[in-house]
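Structure record follows, encoded as structure tokens.
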Amino acid sequence: MTTIVVIDDRVTGRNILTRLARSIEEGIRVHAFASPSEALARMTSDLLPDLVITDYNMPEMDGATLIGKIRAEERLADVPVIVVTVYEDREFCYRALEAGATDYLLSPVDHLEFRARARNLLALRRQRQMLARRAAELEMALAERAGSRTRVEDVARELLDRLPVAISTTDERGRILFVNRAYESLFGVERAQVVGRSLLEVHGEEFATRHGVLDAKVRESGQPLLVPRYDTMLGATGLRWLAVTKGLLAGRPGEPESVVTAAVDISELRLAETADGAAARHDPLTGLETLPWFRERLEHAIARARRRNDSFALLHLDLDRFKGVNEAFGQEVGDKLLRAVANRLASRLRETDRIARLRSDEFVILQSEIARPEDAAELCRRLGEAFAEPFHADGQEIHLSASIGVTLFPTDGRTAETLLKNADLAMYRAKASGRDAYRFFAREMNLAARRAVTLERELRQALAGEQFLVYYQPQMELRSRRIVGVEALVRWNHPHRGLLRPSEFIRMAEEIGLIAPLTAWVLQTACAQHRRWLDRGLGRLQLSVNLSPVQFRERGVELLIERVLKETGLSPEHLDVELTENAIIEHSKTALASLRYLHRLGVSLSLDDFGTGYSSLAYVKRLPVRRLKIDRSFVQNLEHSGNDEVIVRAIVNLGHSLGLTVIAEGVETEGQLARLEAFGCDEVQGDFVSPPLSAAEFEQRMLEGRWL
């Protein structure tokens, strides 16, 4: 009986995945777990699944960690794993794949796509199990015939020829050493014609390159491919889909090892996504092609372009802020808008182009037979014009825009998977540039994605390995030239790159959920150090600590601050919390509640980077803040920009009219200091006074009393 394990800490998600798993085929047994640790314990003891389906974002451990633990267990090493994550967090999918996931799906899960991918993986699992059984039978047969005159090679060849799996072996130079009957049938070749020849000669450059890379990986690691690879071939009956796995095969004494490849034809499974194959080709909401059918068309386009030496473009179009439309007007209006968008987009395509609904508010477009990249740019402009006029639904006039990513065949990729991923990355680049734009894929985007994965791994190791430091930058009162405060600034003592500033890692820490423990550590370290300075009589300085906007999404940060103050013995009036305007406005209700709690506690509050956000005077008056901090971008050009001078004067006057202290950061020259003093600014901070210092350096400078 087929066994599937479902892991999701949310009841609703767990129930949905369980129902979908049971609908894959008759007689499936599903075990559902809310806890990944509990699921792992069962799977390593008495429960051996044929497929694992897990959510990525779970409080106990994330999907990548869970998959790593699964792959570390010998009995689970080849069990296929599908990771499910929400639309906004699709980058987690790539992290899961790096950890060893077999496939991924975005939530809300498309039922058709779910069943198709699960069936393929289960079919491959069964083929692997069958191969293992046949290998055992072979071993027994060899043992029984050990004393007979029948050669071992004859017995092995007979058994391999009976397998309905295409099997071949290749040497280190890519020459074919053996193929079985299923291989001959699948590829339409004869054994005598291919044995001794290279993959390049028999199957062409594209096939030889793909398999040569995988063969080299198996040889270098000495391990089989735990995650099967999908491959395609254009045979006598059309395009065929293959699931391919590889392993190392020991040779005779003194001979090098060879790589054995097993290929399973799963084409029928990919086409049988529903009982009614025709219905599976069209999205019921928009009438456009569905992704599985579009992928088939994309594979045909790749095969045709290879034969003709043609180029084509793949576009990934994502509606900007469509989630807000659904929230504002409801799902029914949203569905009508999607139909209208689909019609407008389709009307701007040629008959030879194809368009499909990828998921939710995303579309993919195949622009065939282009002569140059500018042809794709022209199509992007035409598609952009589709949003020039507003859309109408239920009497509502709604303006939409879209971000488009473009990738080109064969320049950017030669497989469907690569092209779809590259178009997705390019679309994200378009969104990052301000939305309502299009961007072409560039190879450096792949490198940036890999660097991000590496940075995330190093960040997690850094927090566990205590690689972070706290530096302290003095804050000077202009009137008296006294040091009245100090800002705690985190630094990462990277083992290979040296001392890194927050701009190089804070954003990633926010994205992967490490900002809370990192901030807690900085707060604890800085408050404990400040308490020691006060005990040594270094003056009644005020300690400033920055909080990330991410920490104001939910209540609780104020309780962390209260706990740290109690543990370190630091009085609340010695602590100043710095936060940005946007942190308050984006999460106004929770942020205001937290700020008022801290204000009642006695903690001072400062509005950081003032002037770069969008606070109004009325809004600032509502906030329980003590200081406004002028952003360094206005201070840097203060000696050369009349506009910045006007802005700084206005901020100083605004702060004083509200009874607030005004401090300027980023002061680097004597001229900047003089102008700020002339404008009536109260305090300054920057390298002209002192760069950030280690705790020991700051203490020494305070004892010496030398600053300007």
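For the structure tokens, the naming scheme is as follows: chains receive sequential letters (A, B, ...) according to their order of presentation, residues are indexed from 1 within each chain, and ligands are indexed from 1 in presentation order.
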* **Residue neighbourhood region 696-698 of chain A, 12 Å, only C-alpha atoms, exclusion window fewer than 3 positions, as a ChimeraX atom specification** => /A:470-475,483,485-488,529-530,532-533,538,690-693,701-707
* To do: Write down as a ChimeraX atom specification the residues belonging to region 525-678 of chain A that are assigned strand (DSSP E) by DSSP computed on the backbone.
  => /A:542-546,575-580,604-610,627-630,661-665
* To do: For region 361-366 of chain A, list every protein, DNA or RNA residue within 6 Å, evaluated using only C-alpha atoms, and leave out those in the same chain fewer than 4 positions away; present the list as an NGL selection string.
  => :A and (314-319 or 353-357)
Convert the current residue selection to file output with N, CA, C and O atoms, as a JSON list (two decimals), in the first residue's frame.
```
[["chain", "number", "residue", "atom", "x", "y", "z"],
["A", 314, "LEU", "N", 10.66, 33.77, -23.52],
["A", 314, "LEU", "CA", 9.67, 33.35, -22.52],
["A", 314, "LEU", "C", 9.47, 34.52, -21.56],
["A", 314, "LEU", "O", 10.44, 35.03, -20.99],
["A", 315, "LEU", "N", 8.22, 34.94, -21.40],
["A", 315, "LEU", "CA", 7.89, 36.09, -20.56],
["A", 315, "LEU", "C", 7.09, 35.62, -19.35],
["A", 315, "LEU", "O", 6.17, 34.80, -19.49],
["A", 316, "HIS", "N", 7.42, 36.14, -18.19],
["A", 316, "HIS", "CA", 6.68, 35.88, -16.95],
["A", 316, "HIS", "C", 6.08, 37.20, -16.49],
["A", 316, "HIS", "O", 6.79, 38.13, -16.12],
["A", 317, "LEU", "N", 4.76, 37.30, -16.55],
["A", 317, "LEU", "CA", 4.05, 38.55, -16.22],
["A", 317, "LEU", "C", 3.30, 38.39, -14.90],
["A", 317, "LEU", "O", 2.55, 37.42, -14.72],
["A", 318, "ASP", "N", 3.52, 39.32, -13.99],
["A", 318, "ASP", "CA", 2.90, 39.29, -12.66],
["A", 318, "ASP", "C", 2.20, 40.62, -12.42],
["A", 318, "ASP", "O", 2.82, 41.68, -12.55],
["A", 319, "LEU", "N", 0.91, 40.57, -12.08],
["A", 319, "LEU", "CA", 0.17, 41.80, -11.80],
["A", 319, "LEU", "C", 0.70, 42.43, -10.51],
["A", 319, "LEU", "O", 0.94, 41.73, -9.52],
["A", 353, "ASP", "N", 2.13, 32.91, -31.01],
["A", 353, "ASP", "CA", 2.51, 33.01, -29.60],
["A", 353, "ASP", "C", 1.52, 32.24, -28.73],
["A", 353, "ASP", "O", 0.38, 31.99, -29.14],
["A", 354, "ARG", "N", 1.95, 31.89, -27.52],
["A", 354, "ARG", "CA", 1.08, 31.15, -26.59],
["A", 354, "ARG", "C", 1.09, 31.85, -25.25],
["A", 354, "ARG", "O", 2.10, 32.41, -24.84],
["A", 355, "ILE", "N", -0.03, 31.77, -24.54],
["A", 355, "ILE", "CA", -0.14, 32.36, -23.21],
["A", 355, "ILE", "C", -0.86, 31.38, -22.30],
["A", 355, "ILE", "O", -1.79, 30.68, -22.72],
["A", 356, "ALA", "N", -0.41, 31.31, -21.05],
["A", 356, "ALA", "CA", -1.03, 30.43, -20.06],
["A", 356, "ALA", "C", -1.11, 31.17, -18.74],
["A", 356, "ALA", "O", -0.34, 32.10, -18.46],
["A", 357, "ARG", "N", -2.07, 30.75, -17.94],
["A", 357, "ARG", "CA", -2.15, 31.26, -16.57],
["A", 357, "ARG", "C", -1.26, 30.38, -15.70],
["A", 357, "ARG", "O", -1.48, 29.18, -15.59]]
```
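Pairwise distance (CA of Phe329 (chain A), CA of Leu291 (chain A)) equals 27.1 Å.
Using only C-alpha atoms, the smallest distance between any of A:Arg321, A:Arg536, A:Arg162, A:Arg95 and Thr454 (chain A) comes from A:Arg95.
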* Could you tell me which of A:Phe440, A:Phe552, A:Tyr597, A:Phe688 comes closest to Gly671 (chain A) if we count only C-alpha atoms? => A:Phe688
* **Straight-line distance linking CA of Glu26 (chain A) with CA of Leu131 (chain A), stated in Å to one decimal** => 23.6 Å
* Tell me, as a ChimeraX atom specification, which residues lie within 8 Å of region 508-521 of chain A, counting only C-alpha atoms; anything in the same chain fewer than 5 positions away does not count. => /A:452,455-456,459-460,463,547-548,550-551,560
Would you mind exporting the chosen residues as a PDB file, in the first residue's frame, restricted to C-alpha atoms?
```pdb
ATOM      1  CA  ALA A 452      21.905  35.035  -1.094  1.00  0.00           C
ATOM      2  CA  LEU A 455      24.712  34.484   2.985  1.00  0.00           C
ATOM      3  CA  GLU A 456      21.668  32.966   4.675  1.00  0.00           C
ATOM      4  CA  LEU A 459      24.150  34.206   8.913  1.00  0.00           C
ATOM      5  CA  ARG A 460      22.605  31.266  10.726  1.00  0.00           C
ATOM      6  CA  LEU A 463      24.413  33.715  15.210  1.00  0.00           C
ATOM      7  CA  LEU A 547      14.813  48.271  16.048  1.00  0.00           C
ATOM      8  CA  SER A 548      13.875  46.815  12.644  1.00  0.00           C
ATOM      9  CA  VAL A 550       9.885  43.887  10.832  1.00  0.00           C
ATOM     10  CA  GLN A 551       9.636  43.690  14.623  1.00  0.00           C
ATOM     11  CA  LEU A 560      11.521  41.920  25.138  1.00  0.00           C
TER      12      LEU A 560
END
```
* Members of region 125-368 of chain A assigned helix (DSSP H, G or I) by DSSP, as a ChimeraX atom specification -> /A:125-144,152-162,181-187,191-194,199-203,205-221,267-271,279-281,291-308,322-329,331-347
* What's the 12 Å shell around Ala416 (chain A), counting only C-alpha atoms, without same-chain residues fewer than 6 positions away, as number ranges by chain? -> A: 230-232, 241, 291-292, 294-303, 313-314, 366, 407-410, 422-423
Written file, previous selection with N, CA and C atoms, as a tab-separated table (two decimals), in the first residue's frame:
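See again.tsv below for the written result:
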```tsv
chain	number	residue	atom	x	y	z
A	230	TYR	N	14.49	15.28	-14.38
A	230	TYR	CA	13.59	15.14	-15.52
A	230	TYR	C	14.37	15.44	-16.79
A	231	ASP	N	14.10	14.67	-17.84
A	231	ASP	CA	14.75	14.87	-19.13
A	231	ASP	C	13.71	14.68	-20.22
A	232	THR	N	13.99	15.16	-21.40
A	232	THR	CA	13.06	15.00	-22.53
A	232	THR	C	13.83	14.51	-23.75
A	241	TRP	N	8.78	12.27	-22.00
A	241	TRP	CA	9.33	12.73	-20.71
A	241	TRP	C	9.97	11.55	-20.00
A	291	LEU	N	-0.73	25.49	-16.92
A	291	LEU	CA	0.71	25.37	-16.91
A	291	LEU	C	1.20	24.02	-17.43
A	292	PRO	N	0.61	22.88	-17.00
A	292	PRO	CA	1.12	21.60	-17.52
A	292	PRO	C	1.07	21.50	-19.05
A	294	PHE	N	0.96	24.09	-21.13
A	294	PHE	CA	1.89	25.08	-21.65
A	294	PHE	C	3.32	24.53	-21.64
A	295	ARG	N	3.67	23.81	-20.56
A	295	ARG	CA	5.00	23.23	-20.48
A	295	ARG	C	5.25	22.25	-21.62
A	296	GLU	N	4.23	21.49	-21.97
A	296	GLU	CA	4.37	20.57	-23.11
A	296	GLU	C	4.65	21.36	-24.38
A	297	ARG	N	3.89	22.47	-24.57
A	297	ARG	CA	4.12	23.31	-25.75
A	297	ARG	C	5.52	23.92	-25.73
A	298	LEU	N	5.98	24.29	-24.52
A	298	LEU	CA	7.32	24.86	-24.38
A	298	LEU	C	8.39	23.84	-24.75
A	299	GLU	N	8.19	22.59	-24.35
A	299	GLU	CA	9.15	21.54	-24.71
A	299	GLU	C	9.19	21.34	-26.22
A	300	HIS	N	8.04	21.37	-26.86
A	300	HIS	CA	7.99	21.26	-28.32
A	300	HIS	C	8.73	22.44	-28.96
A	301	ALA	N	8.53	23.63	-28.40
A	301	ALA	CA	9.19	24.82	-28.95
A	301	ALA	C	10.71	24.70	-28.83
A	302	ILE	N	11.18	24.15	-27.71
A	302	ILE	CA	12.62	23.96	-27.51
A	302	ILE	C	13.16	22.98	-28.55
A	303	ALA	N	12.45	21.84	-28.72
A	303	ALA	CA	12.90	20.84	-29.70
A	303	ALA	C	12.92	21.43	-31.11
A	313	ALA	N	11.46	33.78	-27.00
A	313	ALA	CA	11.46	34.46	-25.69
A	313	ALA	C	10.37	33.86	-24.81
A	314	LEU	N	10.66	33.77	-23.52
A	314	LEU	CA	9.67	33.35	-22.52
A	314	LEU	C	9.47	34.52	-21.56
A	366	LEU	N	4.86	32.56	-24.40
A	366	LEU	CA	5.89	32.05	-25.28
A	366	LEU	C	5.84	32.85	-26.58
A	407	THR	N	13.26	35.99	-20.57
A	407	THR	CA	14.45	35.16	-20.77
A	407	THR	C	14.43	34.63	-22.20
A	408	LEU	N	15.60	34.42	-22.77
A	408	LEU	CA	15.73	34.06	-24.18
A	408	LEU	C	16.33	32.67	-24.36
A	409	PHE	N	15.79	31.93	-25.32
A	409	PHE	CA	16.37	30.65	-25.74
A	409	PHE	C	17.14	30.88	-27.03
A	410	PRO	N	18.38	30.37	-27.17
A	410	PRO	CA	19.11	29.52	-26.22
A	410	PRO	C	20.08	30.28	-25.34
A	422	ASN	N	14.46	31.32	-14.88
A	422	ASN	CA	15.11	32.57	-15.26
A	422	ASN	C	14.10	33.69	-15.50
A	423	ALA	N	12.98	33.35	-16.13
A	423	ALA	CA	11.93	34.36	-16.34
A	423	ALA	C	11.36	34.83	-15.01
```
